[in-house]
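Text of start-v8.cif (mmCIF, C-alpha atoms (C1' of nucleotides)) as supplied:
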data_run
#
loop_
_atom_site.label_atom_id
_atom_site.label_comp_id
_atom_site.auth_asym_id
_atom_site.auth_seq_id
_atom_site.Cartn_x
_atom_site.Cartn_y
_atom_site.Cartn_z
CA MET J 118 -54.42 -8.58 102.75
CA THR J 119 -51.91 -6.37 104.49
CA THR J 120 -51.64 -2.99 102.81
CA PRO J 121 -48.92 -1.00 104.53
CA ASP J 122 -48.52 1.04 101.35
CA PRO J 123 -52.01 1.86 100.13
CA ASP J 124 -50.87 4.61 97.80
CA GLY J 125 -48.44 2.40 95.97
CA LEU J 126 -51.00 -0.32 95.53
CA LEU J 127 -52.36 0.76 92.18
CA ALA J 128 -49.15 -0.08 90.34
CA GLU J 129 -49.08 -3.53 91.87
CA GLN J 130 -52.71 -4.16 90.98
CA LEU J 131 -52.15 -3.00 87.43
CA LEU J 132 -49.11 -5.19 87.08
CA ARG J 133 -50.92 -8.27 88.28
CA LEU J 134 -53.99 -7.60 86.21
CA THR J 135 -51.96 -6.84 83.11
CA ARG J 136 -50.15 -10.09 83.59
CA ARG J 137 -53.38 -11.99 83.96
CA VAL J 138 -54.73 -10.38 80.83
CA HIS J 139 -51.54 -11.31 78.99
CA ARG J 140 -51.79 -14.92 80.10
CA ILE J 141 -55.41 -15.23 79.06
CA GLN J 142 -54.89 -13.48 75.74
CA LYS J 143 -51.89 -15.63 75.02
CA ARG J 144 -53.92 -18.76 75.62
CA HIS J 145 -56.74 -17.59 73.38
CA LEU J 146 -54.23 -16.61 70.72
CA GLU J 147 -52.37 -19.90 70.82
CA GLU J 148 -55.61 -21.80 70.36
CA ARG J 149 -55.86 -20.18 66.95
CA ASP J 150 -52.17 -20.38 66.23
CA LEU J 151 -51.70 -17.12 64.35
CA GLY J 152 -48.03 -16.35 63.99
CA VAL J 153 -48.25 -12.97 65.64
CA THR J 154 -46.77 -11.63 68.87
CA PRO J 155 -48.87 -9.45 71.15
CA ALA J 156 -47.12 -6.27 70.09
CA GLN J 157 -47.52 -7.15 66.44
CA SER J 158 -51.17 -7.85 67.10
CA ARG J 159 -51.53 -4.41 68.60
CA LEU J 160 -49.92 -2.84 65.56
CA LEU J 161 -52.29 -4.73 63.27
CA ARG J 162 -55.28 -3.52 65.21
CA THR J 163 -54.00 0.02 65.22
CA LEU J 164 -53.45 -0.21 61.50
CA ALA J 165 -57.11 -1.03 60.98
CA HIS J 166 -58.12 2.28 62.54
CA TYR J 167 -56.63 4.34 59.71
CA PRO J 168 -58.73 5.09 56.66
CA SER J 169 -55.56 5.21 54.55
CA PRO J 170 -52.13 3.63 55.15
CA PRO J 171 -50.28 5.52 57.88
CA ARG J 172 -46.60 6.35 58.05
CA MET J 173 -44.23 4.63 60.44
CA ALA J 174 -44.10 7.80 62.52
CA ASP J 175 -47.89 7.87 62.79
CA LEU J 176 -47.90 4.36 64.16
CA ALA J 177 -45.12 5.16 66.60
CA GLU J 178 -47.08 8.07 67.97
CA ARG J 179 -50.33 6.15 68.21
CA LEU J 180 -48.65 3.20 69.90
CA GLU J 181 -46.77 5.54 72.25
CA VAL J 182 -43.54 3.96 71.21
CA VAL J 183 -40.27 5.16 69.70
CA PRO J 184 -40.16 4.95 65.88
CA ARG J 185 -37.34 2.43 66.03
CA ALA J 186 -39.65 -0.03 67.79
CA VAL J 187 -42.15 0.18 64.96
CA THR J 188 -39.50 -0.82 62.45
CA THR J 189 -38.97 -4.13 64.24
CA LEU J 190 -42.66 -4.83 64.49
CA VAL J 191 -43.28 -4.08 60.82
CA ASP J 192 -40.27 -6.20 59.89
CA GLY J 193 -41.83 -9.19 61.57
CA LEU J 194 -45.28 -8.61 60.15
CA GLU J 195 -43.92 -8.03 56.67
CA ALA J 196 -41.88 -11.22 56.83
CA ASN J 197 -45.10 -13.08 57.53
CA GLY J 198 -47.00 -11.30 54.79
CA LYS J 199 -49.40 -9.49 57.10
CA VAL J 200 -48.43 -5.98 56.02
CA ARG J 201 -46.64 -4.34 53.13
CA ARG J 202 -44.32 -1.34 53.05
CA ALA J 203 -45.32 1.02 50.27
CA PRO J 204 -43.42 4.13 49.22
CA ASP J 205 -45.20 7.46 49.44
CA PRO J 206 -45.19 9.08 46.01
CA ALA J 207 -45.43 12.56 47.49
CA ASN J 208 -42.55 12.25 49.93
CA ARG J 209 -39.82 9.76 49.35
CA ARG J 210 -38.76 9.74 52.97
CA VAL J 211 -41.93 8.19 54.26
CA THR J 212 -43.04 4.60 53.93
CA ARG J 213 -46.70 3.80 54.29
CA ILE J 214 -47.81 0.58 55.92
CA GLU J 215 -50.63 -1.33 54.26
CA LEU J 216 -52.57 -4.34 55.47
CA THR J 217 -52.39 -7.27 53.08
CA ASP J 218 -55.31 -9.61 52.53
CA ASP J 219 -53.61 -12.11 54.77
CA GLY J 220 -53.20 -9.41 57.38
CA ARG J 221 -56.87 -8.56 57.17
CA ALA J 222 -57.79 -12.21 57.66
CA THR J 223 -55.47 -12.45 60.64
CA LEU J 224 -57.04 -9.34 62.08
CA LEU J 225 -60.47 -10.95 62.00
CA GLU J 226 -59.26 -14.00 63.88
CA LEU J 227 -57.44 -11.72 66.27
CA ARG J 228 -60.62 -9.90 67.06
CA GLY J 229 -62.33 -13.17 67.87
CA ALA J 230 -59.51 -14.13 70.19
CA ARG J 231 -59.58 -10.75 71.89
CA ARG J 232 -63.29 -10.81 72.29
CA SER J 233 -63.37 -14.20 73.95
CA ALA J 234 -60.39 -13.32 76.12
CA ALA J 235 -62.07 -10.09 77.21
CA GLU J 236 -65.25 -12.00 77.94
CA GLU J 237 -63.34 -14.36 80.19
CA ILE J 238 -61.56 -11.57 82.01
CA LEU J 239 -64.57 -9.32 82.46
CA ALA J 240 -66.90 -12.16 83.39
CA PRO J 241 -66.99 -11.25 87.09
CA LEU J 242 -68.22 -7.71 86.37
CA THR J 243 -71.71 -6.53 85.54
CA GLU J 244 -72.31 -4.32 82.53
CA LYS J 245 -72.51 -1.28 84.76
CA GLU J 246 -69.28 -2.11 86.54
CA ARG J 247 -67.52 -2.54 83.23
CA GLN J 248 -68.61 0.91 82.20
CA VAL J 249 -67.44 2.43 85.47
CA LEU J 250 -64.10 0.69 85.13
CA GLY J 251 -63.73 1.94 81.58
CA VAL J 252 -64.40 5.51 82.62
CA LEU J 253 -61.99 5.36 85.53
CA LEU J 254 -59.23 3.87 83.40
CA ASP J 255 -59.73 6.45 80.69
CA THR J 256 -59.53 9.19 83.28
CA LEU J 257 -56.24 7.92 84.61
CA ILE J 258 -54.83 7.39 81.13
CA ASP J 259 -55.60 10.94 80.12
CA GLY J 260 -54.49 12.33 83.41
CA ASP J 261 -57.14 15.01 83.62
CA ALA J 262 -60.10 15.33 85.88
CA ALA J 263 -62.64 12.56 86.00
CA PRO J 264 -66.15 13.08 84.69
CA ARG J 265 -68.11 12.96 87.93
CA CYS J 266 -70.51 10.06 87.65
CA MET G 276 -63.14 7.77 70.06
CA THR G 277 -64.15 5.08 67.60
CA THR G 278 -64.63 1.77 69.39
CA PRO G 279 -65.24 -0.91 66.82
CA ASP G 280 -63.99 -3.47 69.31
CA PRO G 281 -65.46 -2.57 72.68
CA ASP G 282 -64.73 -5.95 74.26
CA GLY G 283 -61.07 -5.83 73.46
CA LEU G 284 -60.72 -2.35 74.84
CA LEU G 285 -59.81 -3.29 78.38
CA ALA G 286 -56.46 -4.74 77.39
CA GLU G 287 -55.58 -1.59 75.47
CA GLN G 288 -56.59 0.62 78.37
CA LEU G 289 -54.59 -1.44 80.79
CA LEU G 290 -51.57 -1.36 78.54
CA ARG G 291 -51.67 2.38 78.17
CA LEU G 292 -52.29 3.02 81.84
CA THR G 293 -49.56 0.60 82.85
CA ARG G 294 -47.18 2.39 80.56
CA ARG G 295 -48.15 5.75 81.98
CA VAL G 296 -47.63 4.44 85.48
CA HIS G 297 -44.24 3.09 84.45
CA ARG G 298 -43.19 6.41 82.99
CA ILE G 299 -44.25 8.36 86.04
CA GLN G 300 -42.70 5.91 88.48
CA LYS G 301 -39.50 5.91 86.50
CA ARG G 302 -39.33 9.67 86.67
CA HIS G 303 -39.93 9.73 90.41
CA LEU G 304 -37.33 7.00 90.87
CA GLU G 305 -34.71 8.72 88.78
CA GLU G 306 -35.09 11.89 90.81
CA ARG G 307 -33.79 9.91 93.76
CA ASP G 308 -31.30 7.95 91.76
CA LEU G 309 -31.52 4.61 93.53
CA GLY G 310 -29.75 1.94 91.53
CA VAL G 311 -32.73 -0.35 91.36
CA THR G 312 -34.79 -1.55 88.41
CA PRO G 313 -38.59 -1.74 88.70
CA ALA G 314 -38.63 -5.51 89.06
CA GLN G 315 -35.91 -5.34 91.70
CA SER G 316 -37.91 -2.69 93.48
CA ARG G 317 -40.90 -4.98 93.51
CA LEU G 318 -38.85 -7.76 94.99
CA LEU G 319 -37.57 -5.47 97.72
CA ARG G 320 -41.07 -4.43 98.62
CA THR G 321 -42.24 -8.02 98.62
CA LEU G 322 -39.34 -8.93 100.84
CA ALA G 323 -40.48 -6.43 103.43
CA HIS G 324 -43.78 -8.24 103.83
CA TYR G 325 -42.16 -11.33 105.34
CA PRO G 326 -41.58 -11.49 109.07
CA SER G 327 -38.57 -13.73 108.49
CA PRO G 328 -36.37 -14.15 105.40
CA PRO G 329 -38.23 -16.09 102.70
CA ARG G 330 -36.86 -18.71 100.34
CA MET G 331 -36.33 -18.03 96.65
CA ALA G 332 -39.31 -20.25 95.90
CA ASP G 333 -41.51 -18.22 98.23
CA LEU G 334 -40.60 -15.04 96.40
CA ALA G 335 -41.22 -16.65 93.03
CA GLU G 336 -44.69 -17.67 94.07
CA ARG G 337 -45.52 -14.30 95.59
CA LEU G 338 -44.24 -12.43 92.56
CA GLU G 339 -46.07 -14.82 90.23
CA VAL G 340 -42.85 -15.51 88.43
CA VAL G 341 -40.78 -18.59 87.64
CA PRO G 342 -38.07 -19.32 90.23
CA ARG G 343 -35.32 -18.77 87.68
CA ALA G 344 -36.41 -15.16 87.29
CA VAL G 345 -35.94 -14.54 91.00
CA THR G 346 -32.34 -15.69 90.76
CA THR G 347 -31.53 -12.90 88.31
CA LEU G 348 -33.27 -10.28 90.42
CA VAL G 349 -31.54 -11.35 93.61
CA ASP G 350 -28.21 -11.43 91.75
CA GLY G 351 -28.62 -7.79 90.86
CA LEU G 352 -29.76 -6.74 94.30
CA GLU G 353 -27.02 -8.68 96.01
CA ALA G 354 -24.38 -7.13 93.75
CA ASN G 355 -25.56 -3.73 94.94
CA GLY G 356 -25.66 -4.79 98.56
CA LYS G 357 -29.41 -4.46 98.97
CA VAL G 358 -30.02 -8.08 99.96
CA ARG G 359 -28.00 -11.02 101.20
CA ARG G 360 -28.28 -14.72 100.43
CA ALA G 361 -28.18 -16.72 103.66
CA PRO G 362 -28.08 -20.50 103.89
CA ASP G 363 -30.89 -22.22 105.72
CA PRO G 364 -29.40 -24.30 108.54
CA ALA G 365 -32.33 -26.70 108.53
CA ASN G 366 -32.32 -27.44 104.81
CA ARG G 367 -29.22 -26.98 102.79
CA ARG G 368 -31.10 -26.75 99.51
CA VAL G 369 -32.83 -23.51 100.35
CA THR G 370 -31.32 -20.06 100.44
CA ARG G 371 -33.04 -17.37 102.42
CA ILE G 372 -33.05 -13.79 101.24
CA GLU G 373 -32.40 -11.09 103.80
CA LEU G 374 -32.66 -7.34 103.50
CA THR G 375 -29.42 -5.55 104.34
CA ASP G 376 -29.37 -2.20 106.11
CA ASP G 377 -28.69 -0.57 102.79
CA GLY G 378 -31.65 -2.44 101.32
CA ARG G 379 -33.88 -1.21 104.11
CA ALA G 380 -32.78 2.36 103.51
CA THR G 381 -33.43 1.98 99.79
CA LEU G 382 -36.85 0.59 100.56
CA LEU G 383 -37.77 3.70 102.51
CA GLU G 384 -36.80 5.96 99.64
CA LEU G 385 -38.62 3.64 97.30
CA ARG G 386 -41.78 4.04 99.29
CA GLY G 387 -41.52 7.79 99.07
CA ALA G 388 -41.08 7.64 95.34
CA ARG G 389 -44.02 5.30 94.94
CA ARG G 390 -46.21 7.38 97.13
CA SER G 391 -45.60 10.57 95.24
CA ALA G 392 -45.94 8.77 91.91
CA ALA G 393 -49.23 7.27 93.00
CA GLU G 394 -50.39 10.66 94.16
CA GLU G 395 -49.65 12.12 90.75
CA ILE G 396 -51.38 9.31 88.91
CA LEU G 397 -54.45 9.14 91.11
CA ALA G 398 -54.84 12.90 91.37
CA PRO G 399 -57.82 13.07 89.01
CA LEU G 400 -59.85 10.64 91.13
CA THR G 401 -61.76 11.31 94.31
CA GLU G 402 -61.24 9.13 97.34
CA LYS G 403 -64.43 7.25 96.59
CA GLU G 404 -63.46 6.64 93.00
CA ARG G 405 -60.10 5.31 94.07
CA GLN G 406 -61.80 2.82 96.31
CA VAL G 407 -64.16 1.71 93.56
CA LEU G 408 -61.26 1.29 91.18
CA GLY G 409 -59.35 -0.73 93.74
CA VAL G 410 -62.27 -3.07 94.27
CA LEU G 411 -62.85 -3.54 90.56
CA LEU G 412 -59.19 -4.27 89.89
CA ASP G 413 -59.00 -6.74 92.74
CA THR G 414 -62.06 -8.48 91.40
CA LEU G 415 -60.54 -8.87 87.98
CA ILE G 416 -57.21 -10.00 89.39
CA ASP G 417 -58.81 -12.73 91.44
CA GLY G 418 -61.16 -13.69 88.66
CA ASP G 419 -64.10 -14.47 90.88
CA ALA G 420 -67.35 -12.66 91.31
CA ALA G 421 -67.31 -9.04 92.32
CA PRO G 422 -68.56 -7.95 95.71
CA ARG G 423 -71.70 -6.08 94.70
CA CYS G 424 -71.22 -2.52 95.82
"C1'" DA V 185 -28.46 28.12 42.64
"C1'" DG V 186 -26.49 26.50 47.26
"C1'" DC V 187 -26.24 26.07 52.24
"C1'" DT V 188 -28.38 24.83 56.42
"C1'" DC V 189 -31.58 22.52 59.13
"C1'" DA V 190 -35.47 19.37 60.16
"C1'" DT V 191 -37.82 14.97 59.11
"C1'" DT V 192 -37.98 9.98 58.28
"C1'" DG V 193 -36.75 5.58 58.67
"C1'" DT V 194 -33.22 2.44 59.70
"C1'" DT V 195 -28.53 0.07 61.19
"C1'" DA V 196 -26.18 -1.32 65.21
"C1'" DC V 197 -26.21 -2.06 69.91
"C1'" DC V 198 -27.98 -2.34 74.78
"C1'" DT V 199 -31.38 -3.15 78.66
"C1'" DA V 200 -35.04 -5.35 81.28
"C1'" DT V 201 -38.01 -9.00 82.08
"C1'" DA V 202 -39.30 -13.51 81.98
"C1'" DC V 203 -39.41 -18.03 79.83
"C1'" DT V 204 -37.72 -23.25 79.05
"C1'" DC V 205 -34.60 -26.96 79.69
"C1'" DA V 206 -31.14 -29.39 81.98
"C1'" DC V 207 -28.65 -30.33 86.08
"C1'" DA V 208 -26.38 -30.79 90.57
"C1'" DA V 209 -27.15 -30.83 95.31
"C1'" DT V 210 -29.95 -32.19 98.72
"C1'" DG V 211 -33.76 -34.23 101.36
"C1'" DA V 212 -37.68 -37.68 101.87
"C1'" DA V 213 -39.96 -42.18 101.34
"C1'" DC V 214 -40.13 -46.76 100.69
"C1'" DG I 229 -30.08 -47.51 99.79
"C1'" DT I 230 -32.37 -46.81 95.69
"C1'" DT I 231 -35.71 -43.95 93.94
"C1'" DC I 232 -38.17 -39.76 93.66
"C1'" DA I 233 -39.20 -34.86 94.74
"C1'" DT I 234 -37.47 -30.24 95.90
"C1'" DT I 235 -34.47 -26.28 95.36
"C1'" DG I 236 -31.78 -23.15 93.16
"C1'" DT I 237 -29.15 -22.04 89.17
"C1'" DG I 238 -26.34 -22.23 84.41
"C1'" DA I 239 -27.27 -21.77 79.52
"C1'" DG I 240 -29.91 -20.20 76.05
"C1'" DT I 241 -34.13 -17.77 73.99
"C1'" DA I 242 -37.94 -14.49 73.22
"C1'" DT I 243 -40.23 -10.17 73.58
"C1'" DA I 244 -40.44 -5.43 74.14
"C1'" DG I 245 -38.37 -1.42 74.25
"C1'" DG I 246 -34.67 2.25 74.33
"C1'" DT I 247 -30.33 5.26 72.56
"C1'" DA I 248 -27.09 6.97 69.22
"C1'" DA I 249 -25.48 7.64 64.70
"C1'" DC I 250 -26.61 8.09 59.95
"C1'" DA I 251 -28.17 8.43 55.07
"C1'" DA I 252 -31.70 10.07 52.30
"C1'" DT I 253 -34.74 13.46 51.59
"C1'" DG I 254 -37.35 17.73 51.88
"C1'" DA I 255 -37.91 22.74 53.24
"C1'" DG I 256 -36.41 27.38 54.04
"C1'" DC I 257 -33.49 31.05 53.48
"C1'" DT I 258 -30.14 34.04 51.09
#
Give the structure from this file in structure tokens form.
Amino acid sequence: MTTPDPDGLLAEQLLRLTRRVHRIQKRHLEERDLGVTPAQSRLLRTLAHYPSPPRMADLAERLEVVPRAVTTLVDGLEANGKVRRAPDPANRRVTRIELTDDGRATLLELRGARRSAAEEILAPLTEKERQVLGVLLDTLIDGDAAPRC
Amino acid sequence: MTTPDPDGLLAEQLLRLTRRVHRIQKRHLEERDLGVTPAQSRLLRTLAHYPSPPRMADLAERLEVVPRAVTTLVDGLEANGKVRRAPDPANRRVTRIELTDDGRATLLELRGARRSAAEEILAPLTEKERQVLGVLLDTLIDGDAAPRC
DNA sequence: AGCTCATTGTTACCTATACTCACAATGAAC
DNA sequence: GTTCATTGTGAGTATAGGTAACAATGAGCT
């Protein structure tokens, strides 16, 4: 491989890998035929991390996305009965997003799809390598110094 | 960090890192104010790898994208005078894509932007760690067994 | 009380990327 | 020369995200 631009390579690698991950996840998702787009799936998963229903703004922050984007995602999920918008009694500006039973069921299937997709993608790496990769990625995501391993 | 879904974590990490890379690259690009979108930038860079002007289909394959997508990208670049569509004398079906002088100049600035962006992103990693990361990513992209390091 | 300002979600619109399908022009094979 | 494959593109769609303006609400100050 010719690498005349070694320092710009990371972005290209990430792009290609992200695309591969997308393809594989899409395939695993379609096998189960849940009516959920990748971004909606991410919102569902994020939703599961909260002990109590979060606000739209909370989701936007967690997803690193503008609040307006969350509206669209919740619209789609609500139309399919996966989540429910509930008013906050304490503050009438906020709407809290709750998982429905259907949403919870979807989430379980989603996890299965993700797990098998991840297994396929990570197959070429040993357990140790996976850990190293995870640490390196986390370091870059956070942008601070790496824990020297 | 709570990781109830360790096997699905990679996709999330990749997504976040890719987004961070996008943000940083965008910032570095905007400082120079080239009129080029990220995908167009990628096409320009890819173009530079060919010793002689490639066909649309070649670019599509190299970019891992459907040929129709290349049409749109080249349209944009051609409108801005960065590339030129040239007929192939030997086969009138194919159009070859050539870099213009302006495109070449843009490419140079692009490289600078990418280099400084990459420097910012990779700053927390040592040289050795960068190499390890590169190998791991390549392994996952190709999908075959990792070279044991 | 009332006035001002910040927060919250949303309406309306725009951009970027990439996809499918259909098709016209061309070349290749028999 | 009829048939079939290749090549690029028009038309339309989906997904993901962003900006700007705004209405409803809450909070703080006087």
Let's have chain J fitted on chain G; use all the C-alpha atoms paired in order for the least-squares step and return it as a CSV table (one decimal) with C-alpha atoms, keeping the file's coordinate frame.
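selection21.csv, written as the output of this step:
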chain,number,residue,atom,x,y,z
J,118,MET,CA,-63.0,7.7,70.1
J,119,THR,CA,-64.0,4.9,67.7
J,120,THR,CA,-64.5,1.6,69.5
J,121,PRO,CA,-65.2,-1.0,67.0
J,122,ASP,CA,-64.0,-3.6,69.5
J,123,PRO,CA,-65.5,-2.7,72.8
J,124,ASP,CA,-64.7,-6.1,74.4
J,125,GLY,CA,-61.1,-6.0,73.5
J,126,LEU,CA,-60.7,-2.5,74.9
J,127,LEU,CA,-59.8,-3.4,78.5
J,128,ALA,CA,-56.4,-4.9,77.4
J,129,GLU,CA,-55.6,-1.7,75.5
J,130,GLN,CA,-56.6,0.5,78.4
J,131,LEU,CA,-54.5,-1.5,80.8
J,132,LEU,CA,-51.5,-1.4,78.5
J,133,ARG,CA,-51.7,2.3,78.1
J,134,LEU,CA,-52.3,2.9,81.8
J,135,THR,CA,-49.5,0.5,82.9
J,136,ARG,CA,-47.2,2.4,80.5
J,137,ARG,CA,-48.1,5.7,82.0
J,138,VAL,CA,-47.6,4.4,85.5
J,139,HIS,CA,-44.2,3.1,84.5
J,140,ARG,CA,-43.2,6.4,83.0
J,141,ILE,CA,-44.2,8.3,86.0
J,142,GLN,CA,-42.7,5.9,88.5
J,143,LYS,CA,-39.5,5.9,86.5
J,144,ARG,CA,-39.3,9.7,86.7
J,145,HIS,CA,-39.9,9.7,90.4
J,146,LEU,CA,-37.3,7.0,90.9
J,147,GLU,CA,-34.7,8.7,88.8
J,148,GLU,CA,-35.1,11.9,90.8
J,149,ARG,CA,-33.8,9.9,93.8
J,150,ASP,CA,-31.3,8.0,91.8
J,151,LEU,CA,-31.5,4.6,93.6
J,152,GLY,CA,-29.7,2.0,91.6
J,153,VAL,CA,-32.7,-0.3,91.4
J,154,THR,CA,-34.8,-1.5,88.4
J,155,PRO,CA,-38.5,-1.6,88.7
J,156,ALA,CA,-38.6,-5.4,89.0
J,157,GLN,CA,-35.9,-5.3,91.7
J,158,SER,CA,-37.9,-2.6,93.5
J,159,ARG,CA,-40.9,-4.9,93.5
J,160,LEU,CA,-38.8,-7.7,94.9
J,161,LEU,CA,-37.6,-5.4,97.7
J,162,ARG,CA,-41.1,-4.4,98.6
J,163,THR,CA,-42.3,-8.0,98.5
J,164,LEU,CA,-39.4,-8.9,100.8
J,165,ALA,CA,-40.5,-6.4,103.4
J,166,HIS,CA,-43.9,-8.2,103.7
J,167,TYR,CA,-42.3,-11.3,105.2
J,168,PRO,CA,-41.7,-11.5,109.0
J,169,SER,CA,-38.7,-13.8,108.4
J,170,PRO,CA,-36.5,-14.2,105.3
J,171,PRO,CA,-38.3,-16.1,102.6
J,172,ARG,CA,-36.9,-18.7,100.2
J,173,MET,CA,-36.3,-18.0,96.6
J,174,ALA,CA,-39.3,-20.2,95.7
J,175,ASP,CA,-41.6,-18.2,98.1
J,176,LEU,CA,-40.6,-15.0,96.3
J,177,ALA,CA,-41.2,-16.6,92.9
J,178,GLU,CA,-44.7,-17.6,93.9
J,179,ARG,CA,-45.5,-14.3,95.4
J,180,LEU,CA,-44.2,-12.4,92.4
J,181,GLU,CA,-46.0,-14.8,90.1
J,182,VAL,CA,-42.8,-15.4,88.3
J,183,VAL,CA,-40.7,-18.5,87.5
J,184,PRO,CA,-38.0,-19.2,90.1
J,185,ARG,CA,-35.3,-18.6,87.5
J,186,ALA,CA,-36.4,-15.0,87.2
J,187,VAL,CA,-35.9,-14.5,90.9
J,188,THR,CA,-32.3,-15.6,90.7
J,189,THR,CA,-31.5,-12.8,88.3
J,190,LEU,CA,-33.2,-10.2,90.4
J,191,VAL,CA,-31.5,-11.3,93.6
J,192,ASP,CA,-28.2,-11.4,91.8
J,193,GLY,CA,-28.6,-7.7,90.9
J,194,LEU,CA,-29.7,-6.7,94.3
J,195,GLU,CA,-27.0,-8.7,96.1
J,196,ALA,CA,-24.4,-7.1,93.8
J,197,ASN,CA,-25.6,-3.7,95.0
J,198,GLY,CA,-25.7,-4.8,98.7
J,199,LYS,CA,-29.4,-4.5,99.0
J,200,VAL,CA,-30.0,-8.1,100.0
J,201,ARG,CA,-28.0,-11.0,101.2
J,202,ARG,CA,-28.3,-14.7,100.5
J,203,ALA,CA,-28.2,-16.7,103.7
J,204,PRO,CA,-28.2,-20.5,103.9
J,205,ASP,CA,-31.0,-22.3,105.7
J,206,PRO,CA,-29.6,-24.4,108.5
J,207,ALA,CA,-32.5,-26.7,108.4
J,208,ASN,CA,-32.5,-27.5,104.7
J,209,ARG,CA,-29.3,-27.0,102.7
J,210,ARG,CA,-31.2,-26.7,99.5
J,211,VAL,CA,-32.9,-23.5,100.3
J,212,THR,CA,-31.4,-20.1,100.4
J,213,ARG,CA,-33.1,-17.4,102.4
J,214,ILE,CA,-33.1,-13.8,101.2
J,215,GLU,CA,-32.5,-11.1,103.8
J,216,LEU,CA,-32.7,-7.3,103.5
J,217,THR,CA,-29.5,-5.6,104.4
J,218,ASP,CA,-29.5,-2.2,106.2
J,219,ASP,CA,-28.7,-0.6,102.9
J,220,GLY,CA,-31.7,-2.4,101.4
J,221,ARG,CA,-33.9,-1.2,104.2
J,222,ALA,CA,-32.8,2.3,103.6
J,223,THR,CA,-33.4,2.0,99.8
J,224,LEU,CA,-36.9,0.6,100.6
J,225,LEU,CA,-37.8,3.7,102.5
J,226,GLU,CA,-36.8,6.0,99.7
J,227,LEU,CA,-38.6,3.7,97.3
J,228,ARG,CA,-41.8,4.1,99.3
J,229,GLY,CA,-41.5,7.8,99.1
J,230,ALA,CA,-41.1,7.6,95.3
J,231,ARG,CA,-44.0,5.3,95.0
J,232,ARG,CA,-46.2,7.4,97.1
J,233,SER,CA,-45.6,10.6,95.2
J,234,ALA,CA,-45.9,8.8,91.9
J,235,ALA,CA,-49.2,7.3,93.0
J,236,GLU,CA,-50.4,10.7,94.1
J,237,GLU,CA,-49.6,12.1,90.7
J,238,ILE,CA,-51.4,9.3,88.9
J,239,LEU,CA,-54.4,9.1,91.1
J,240,ALA,CA,-54.8,12.9,91.3
J,241,PRO,CA,-57.8,13.0,88.9
J,242,LEU,CA,-59.8,10.6,91.1
J,243,THR,CA,-61.7,11.3,94.3
J,244,GLU,CA,-61.2,9.2,97.3
J,245,LYS,CA,-64.4,7.3,96.6
J,246,GLU,CA,-63.4,6.6,93.0
J,247,ARG,CA,-60.1,5.3,94.1
J,248,GLN,CA,-61.8,2.8,96.3
J,249,VAL,CA,-64.1,1.7,93.6
J,250,LEU,CA,-61.2,1.3,91.2
J,251,GLY,CA,-59.3,-0.7,93.8
J,252,VAL,CA,-62.3,-3.1,94.3
J,253,LEU,CA,-62.8,-3.6,90.6
J,254,LEU,CA,-59.2,-4.3,90.0
J,255,ASP,CA,-59.0,-6.7,92.8
J,256,THR,CA,-62.1,-8.5,91.5
J,257,LEU,CA,-60.5,-8.9,88.1
J,258,ILE,CA,-57.2,-10.0,89.5
J,259,ASP,CA,-58.8,-12.7,91.6
J,260,GLY,CA,-61.1,-13.7,88.8
J,261,ASP,CA,-64.1,-14.4,91.1
J,262,ALA,CA,-67.3,-12.6,91.5
J,263,ALA,CA,-67.3,-9.0,92.4
J,264,PRO,CA,-68.5,-7.9,95.8
J,265,ARG,CA,-71.7,-6.0,94.8
J,266,CYS,CA,-71.2,-2.4,95.9
Give the residues of chain J that lie within 10 Å of chain I; count all atoms listed in the file, and format the answer as a list of chain:residue names.
J:Thr154, J:Pro155, J:Ala156, J:Val182, J:Val183, J:Arg185, J:Ala186, J:Leu190, J:Asn208, J:Arg209, J:Arg210, J:Val211
Separating CA of Thr135 in chain J from CA of Asp350 in chain G, to the nearest tenth of an Å, is a gap of 25.7 Å
Within 8 Å of chain G: residues of chain J, using all atoms listed in the file, as number ranges by chain: J: 122, 124-125, 127-128, 130-135, 137-138, 228, 231-232, 234-236, 238-242, 246, 250-251, 253-258, 260-263
Residue by residue, what does the PyMOL selection byres ((chain V) within 12 of (chain J)) grab here? Present the result as an mmCIF file with C-alpha atoms (C1' of nucleotides), in the frame of the given file.
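That gives us result_22.cif:
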data_model
loop_
_atom_site.group_PDB
_atom_site.id
_atom_site.type_symbol
_atom_site.label_atom_id
_atom_site.label_comp_id
_atom_site.auth_asym_id
_atom_site.auth_seq_id
_atom_site.Cartn_x
_atom_site.Cartn_y
_atom_site.Cartn_z
ATOM 1 C "C1'" DT V 191 -37.820 14.970 59.110
ATOM 2 C "C1'" DT V 192 -37.980 9.980 58.280
ATOM 3 C "C1'" DG V 193 -36.750 5.580 58.670
ATOM 4 C "C1'" DT V 194 -33.220 2.440 59.700
ATOM 5 C "C1'" DT V 195 -28.530 0.070 61.190
ATOM 6 C "C1'" DA V 196 -26.180 -1.320 65.210
ATOM 7 C "C1'" DA V 202 -39.300 -13.510 81.980
#
Centre, edges in Å (one decimal): axis-aligned box, range 234-243 of chain I, 6 Å padding on all six sides, as AutoDock Vina command-line options:
--center_x -33.3 --center_y -20.2 --center_z 84.6 --size_x 25.9 --size_y 32.1 --size_z 34.7
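What separates CA of Lys199 in chain J from CA of Arg144 in chain J is a distance of 21.2 Å.
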Correct to one decimal, the distance CA of Gln406 in chain G-CA of Leu383 in chain G is 24.8 Å
Practice task
Using all atoms listed in the file, collect all residues at a distance of at most 10 Å from (-35.4, -6.5, 101.2) as written in the file, then present them as a ChimeraX atom specification.
Solution key: /G:315-325,328,349,352,357-359,372-382
